Amino acid sequence: HEVLKRASDILRAHDEMLALASDDSEGPARTPKEIARDTRRREQNLDELRALLDPLHPADVAYILEALPREQRLVVWDLVRVDREGEILLEVSDAVRETLIASMDDQELVAATGQLDTDEIADLAPDLPREVIEDVFKLLPPEEREQLRAAMSYPEDTAGALMDFDMVQIREDVTLEVVLRYLRRLDELPDHTDQLFVVDREGLLKGLVPVNRLLVTDVDVVVGEVMVKDFTHFNA
């Protein structure tokens with residue numbers, strides 16, 4: 001793979017310059033001009049590597065990352081644009097994905113994951129910290145939020161992911177008065193609660209009740225009469 005060979009050559013030159021800089025304390029002192037020159041060369045190497053990566057398909061970047069030793073892999077990963085990180089994480093092997101995710105803070109992971117479609121987020125979710133998934137969940141529009149929640153609510157042997165969110169579940173055969181009493185007994189609602197999830201006894205989603213509709217509808221009405229049934233969800 002010609003691109004991998006070129007990336008490896010650039011990284012080798014970069015490593016040699018770093019080694020030279022770390023040897024300053026043992027060898028002859030370099031002049032400020034020499035230090036500035038070598039720093040500029042390292043920056044040029046990284047710029048060249050970045051330009052090499054930018055036009056590549058995510059699968060090709062994944063191939064390069066998987067072929068490199070860990071330290072060089074992380075150098076390359078730092079050069080990947082944030083808007084491409086999520087799709088590349090989906091392409092790499094489980095072991096490499098683990099090292100890349102471990103090198104990122106929560107804010108970086110939220111930014112990377114937020115670039116993905118909901119089904120892609122669901123695919124990546126089992127490898128991400130729960131706090132990251134919850135933050136991504138809160139940032140999604142209500143319809144996409146429900147799509148993600150539905151995609152992640154299936155058993156392990158289906159297409160859905162493994163995790164689920166804190167959410168308020170209600171049954172369709174109870175009145176809104178019962179629902180309101182139940183909500184008042186909770187210490188607090190989850191941060192993202194703008195709708196309640198109507199489920200059957202098997203936990204399958206039947207519909208949604210927007211909180212604003214709950215507040216303006218007669219309390220004697222049954223949940224099944226006011227829930228939204230026309231929503232998008234994924235089949236396993």
# chains A, B, ... in the order shown; residues from 1 in each chain; ligands from 1

$ select_by_dssp --residues "chain A" --states "strand (DSSP E or B)" --output "PDB file with N, CA and C atoms, in the first residue's frame"
ATOM      1  N   GLN A 169     -40.794   5.250  31.656  1.00  0.00           N
ATOM      2  CA  GLN A 169     -41.651   4.342  30.900  1.00  0.00           C
ATOM      3  C   GLN A 169     -43.019   4.269  31.562  1.00  0.00           C
ATOM      4  N   ILE A 170     -44.058   4.288  30.741  1.00  0.00           N
ATOM      5  CA  ILE A 170     -45.433   4.202  31.236  1.00  0.00           C
ATOM      6  C   ILE A 170     -46.207   3.209  30.373  1.00  0.00           C
ATOM      7  N   THR A 175     -54.339   6.137  33.320  1.00  0.00           N
ATOM      8  CA  THR A 175     -54.749   7.520  33.062  1.00  0.00           C
ATOM      9  C   THR A 175     -53.583   8.482  33.271  1.00  0.00           C
ATOM     10  N   GLN A 195     -40.247  13.746  26.656  1.00  0.00           N
ATOM     11  CA  GLN A 195     -41.317  12.835  26.272  1.00  0.00           C
ATOM     12  C   GLN A 195     -41.222  11.580  27.133  1.00  0.00           C
ATOM     13  N   LEU A 196     -42.355  10.931  27.326  1.00  0.00           N
ATOM     14  CA  LEU A 196     -42.413   9.682  28.076  1.00  0.00           C
ATOM     15  C   LEU A 196     -42.600   8.537  27.092  1.00  0.00           C
ATOM     16  N   PHE A 197     -42.048   7.375  27.427  1.00  0.00           N
ATOM     17  CA  PHE A 197     -42.058   6.242  26.516  1.00  0.00           C
ATOM     18  C   PHE A 197     -43.121   5.233  26.960  1.00  0.00           C
ATOM     19  N   VAL A 198     -44.059   4.960  26.058  1.00  0.00           N
ATOM     20  CA  VAL A 198     -45.141   4.023  26.347  1.00  0.00           C
ATOM     21  C   VAL A 198     -44.697   2.633  25.896  1.00  0.00           C
ATOM     22  N   VAL A 199     -44.641   1.681  26.839  1.00  0.00           N
ATOM     23  CA  VAL A 199     -44.176   0.328  26.521  1.00  0.00           C
ATOM     24  C   VAL A 199     -45.211  -0.695  26.967  1.00  0.00           C
ATOM     25  N   LEU A 205     -41.618  -0.792  22.676  1.00  0.00           N
ATOM     26  CA  LEU A 205     -42.110   0.575  22.557  1.00  0.00           C
ATOM     27  C   LEU A 205     -43.398   0.618  21.746  1.00  0.00           C
ATOM     28  N   LYS A 206     -44.442   1.267  22.304  1.00  0.00           N
ATOM     29  CA  LYS A 206     -45.731   1.386  21.620  1.00  0.00           C
ATOM     30  C   LYS A 206     -46.008   2.804  21.144  1.00  0.00           C
ATOM     31  N   GLY A 207     -45.423   3.782  21.851  1.00  0.00           N
ATOM     32  CA  GLY A 207     -45.685   5.171  21.487  1.00  0.00           C
ATOM     33  C   GLY A 207     -44.964   6.127  22.414  1.00  0.00           C
ATOM     34  N   LEU A 208     -45.214   7.430  22.186  1.00  0.00           N
ATOM     35  CA  LEU A 208     -44.592   8.488  22.975  1.00  0.00           C
ATOM     36  C   LEU A 208     -45.660   9.443  23.472  1.00  0.00           C
ATOM     37  N   VAL A 209     -45.406  10.007  24.640  1.00  0.00           N
ATOM     38  CA  VAL A 209     -46.270  11.065  25.156  1.00  0.00           C
ATOM     39  C   VAL A 209     -45.403  12.286  25.441  1.00  0.00           C
ATOM     40  N   PRO A 210     -45.478  13.326  24.601  1.00  0.00           N
ATOM     41  CA  PRO A 210     -44.726  14.556  24.882  1.00  0.00           C
ATOM     42  C   PRO A 210     -45.158  15.137  26.223  1.00  0.00           C
ATOM     43  N   VAL A 222     -56.910   8.410  29.134  1.00  0.00           N
ATOM     44  CA  VAL A 222     -55.982   7.280  29.176  1.00  0.00           C
ATOM     45  C   VAL A 222     -54.789   7.560  28.254  1.00  0.00           C
ATOM     46  N   VAL A 228     -48.361   9.413  20.915  1.00  0.00           N
ATOM     47  CA  VAL A 228     -48.001   9.518  19.506  1.00  0.00           C
ATOM     48  C   VAL A 228     -47.564   8.135  19.039  1.00  0.00           C
TER      49      VAL A 228
END

$ residues_around --residues "region 94-103 of chain A" --least-positions-apart "2" --cutoff "12 Å" --atoms "only C-alpha atoms" --output "ChimeraX atom specification"
/A:62-78,80,85-92,105-110,112-113,123-129,132

$ atom_distance --atom1 "CA of Arg171 (chain A)" --atom2 "CA of Thr193 (chain A)"
16.6 Å

$ closest_residue --among "A:Val174, A:Leu56, A:Ala7, A:Ala122" --to "Glu144 (chain A)" --atoms "only C-alpha atoms"
A:Ala122

$ select_by_dssp --residues "region 3-233 of chain A" --states "alpha helix (DSSP H)" --output "PyMOL selection string"
chain A and resi 3-22+32-53+58-67+70-79+82-91+94-102+106-113+118-124+130-139+142-151+176-185+211-216+223-226

$ atom_distance --atom1 "CA of Glu48 (chain A)" --atom2 "CA of Arg12 (chain A)"
13.1 Å

$ closest_residue --among "A:Ala36, A:Val221, A:Val82, A:Val211" --to "Asp54 (chain A)" --atoms "only C-alpha atoms"
A:Val82

$ atom_distance --atom1 "CA of His1 (chain A)" --atom2 "CA of Pro55 (chain A)"
15.5 Å

$ closest_residue --among "A:Met17, A:Val223, A:Leu214, A:Leu140" --to "Thr118 (chain A)" --atoms "only C-alpha atoms"
A:Leu140
